[in-house]
Amino acid sequence: MKKTVTITAGWFACLFSFSVLAAGEDDHSHNQRHDKAQDTAGQEQHSQALMLSPKQRQLAAIRVQQVSQQQFSLASQATATLKVDRDRTVTLAPQLEVRVLKRHVVPGQEVVAGQALLTLGGAAVAQAQADYIKAAAEWDRIRRMSQSTVSESERLQAQVDAEFARATLEALKMTPKQINNLQSSPAAIGRYQLLAPIAGRVQQDMAMLGQLVAAGTALMQLTDESHLWVEAQLTPQQAQRVNLGDSALVKVGEFSREARIIGRSHELDLMTRTESILLALANPGHELHAGEFAEIYLHDPSVAGVVLPDAALTRGADGDWQVFVEDEDGFEAVEVEVIERQHGLSLVLGLEPEMKVVISGAFFLASELAKSGFDIHSH
């Protein structure tokens, strides 16, 4: 009997050991299946990002904009016009009579600082250059003489004559290097190249080949289009809400960018009964140009969200609003809440600052997402 109990106990021990081992194997298999399921889910979530080649992006006209939290009222809108930034605009008007001998650029051309624009010459130019060469040589001679050899008045007169002759050439828009080279190359008098003082676009071009231009006549205007001014007309009620340094949203067609208020007239136009304000607008890609019409939306601390063009929003499979965000995995749909829609813009919630949102080409991405059968609610 004792032997039987011992055997039975041993059998139960073996059975228990086998059960524990089997359970351990089942747990291990379950963990493997769980990890595999997690990996699969992660892969499925990763696969929901749409990847486009550079050519596909170009064909779909994909444009991406990094967003930030904004406080603009879409109901407080005013008309505006883009202007050249006068702090970054130069008018070239030689202060002597000149003749246009050669043209080196065309209207609208982008130029770099120091690039030749025109070759100018004429009798007045030759006379001014000759006067400088003589005055500079005389001043160099007297400057080397001792105090006892030449009187102070003679020394002063020679210096004044040289500086006056240099100032005359500077009024012709000759550069310091061009002026200094005259003394070593006197045979070159009678002409010079008008060089671009800044990098920018040839905004206005009035120079005709062979034309004799009177002193003070503008030949060209260059402007740096990476910065523009925006002139807006506000009602008295709107003007009461703005302060220098405030931000405003400027919309030109499909473009919308923030600008800063830098001036206001404090005077109402007698015809329109509006007040003019001036805003500084960054235009790094030169997409916008002076003369275009615009709309501005004023700062409103009572609202907060992200302002996007209507083209950035599409409907998801469930009918909710969505936008597409670009990250390292590609383009992914993100649901948003639309708070306000006016004038082709939407104020939305649900986006984090610094996200890169598709503002053009979203419809194409939505179509691709629908064809792929992805659902943003599945993750």
# chains A, B, ... in the order shown; residues from 1 in each chain; ligands from 1
call {"tool": "residues_around", "arguments": {"residues": "Glu254 of chain A", "least_positions_apart": "4", "cutoff": "9 Å", "atoms": "only C-alpha atoms", "output": "list in words"}}
result
Pro309, Ala311, Gly344, Ile359 and Ser360 of chain A
call {"tool": "residues_around", "arguments": {"residues": "Arg57 of chain A", "least_positions_apart": "4", "cutoff": "12 Å", "atoms": "only C-alpha atoms", "output": "MDAnalysis selection string"}}
result
chainID A and resid 50:53 61:64 330:331 358 360:362 364:365
call {"tool": "closest_residue", "arguments": {"among": "A:Leu101, A:Met355, A:Ile179, A:Leu349", "to": "Glu328 of chain A", "atoms": "only C-alpha atoms"}}
result
A:Met355
call {"tool": "select_by_dssp", "arguments": {"residues": "segment 61-278 of chain A", "states": "strand (DSSP E)", "output": "number ranges by chain"}}
result
A: 63-66, 72-84, 89-92, 98-103, 110-111, 116-121, 191-195, 200-205, 212-213, 220-223, 227-234, 247-252, 255-268, 275-278
call {"tool": "atom_distance", "arguments": {"atom1": "atom CA of Phe363 of chain A", "atom2": "atom CA of Ala49 of chain A"}}
result
15.4 Å
call {"tool": "closest_residue", "arguments": {"among": "A:Thr91, A:Gln178, A:Thr217, A:Thr274", "to": "Gln240 of chain A", "atoms": "only C-alpha atoms"}}
result
A:Thr274
call {"tool": "closest_residue", "arguments": {"among": "A:Gln129, A:Ala294, A:Leu195, A:Val84", "to": "Asn181 of chain A", "atoms": "only C-alpha atoms"}}
result
A:Gln129
call {"tool": "select_by_dssp", "arguments": {"residues": "segment 34-155 of chain A", "states": "helix (DSSP H, G or I)", "output": "PyMOL selection string"}}
result
chain A and resi 34-47+54-59+86-88+123-144+152-155
call {"tool": "closest_residue", "arguments": {"among": "A:Ser276, A:Ser367, A:Gln237, A:Ser256", "to": "Ser346 of chain A", "atoms": "only C-alpha atoms"}}
result
A:Ser256
call {"tool": "residues_around", "arguments": {"residues": "segment 119-128 of chain A", "least_positions_apart": "6", "cutoff": "7 Å", "atoms": "only C-alpha atoms", "output": "ChimeraX atom specification"}}
result
/A:96-103,165,168-169,189-194
call {"tool": "atom_distance", "arguments": {"atom1": "atom CA of Ala248 of chain A", "atom2": "atom CA of Phe72 of chain A"}}
result
7.1 Å
call {"tool": "atom_distance", "arguments": {"atom1": "atom CA of Gln204 of chain A", "atom2": "atom CA of Glu170 of chain A"}}
result
21.6 Å
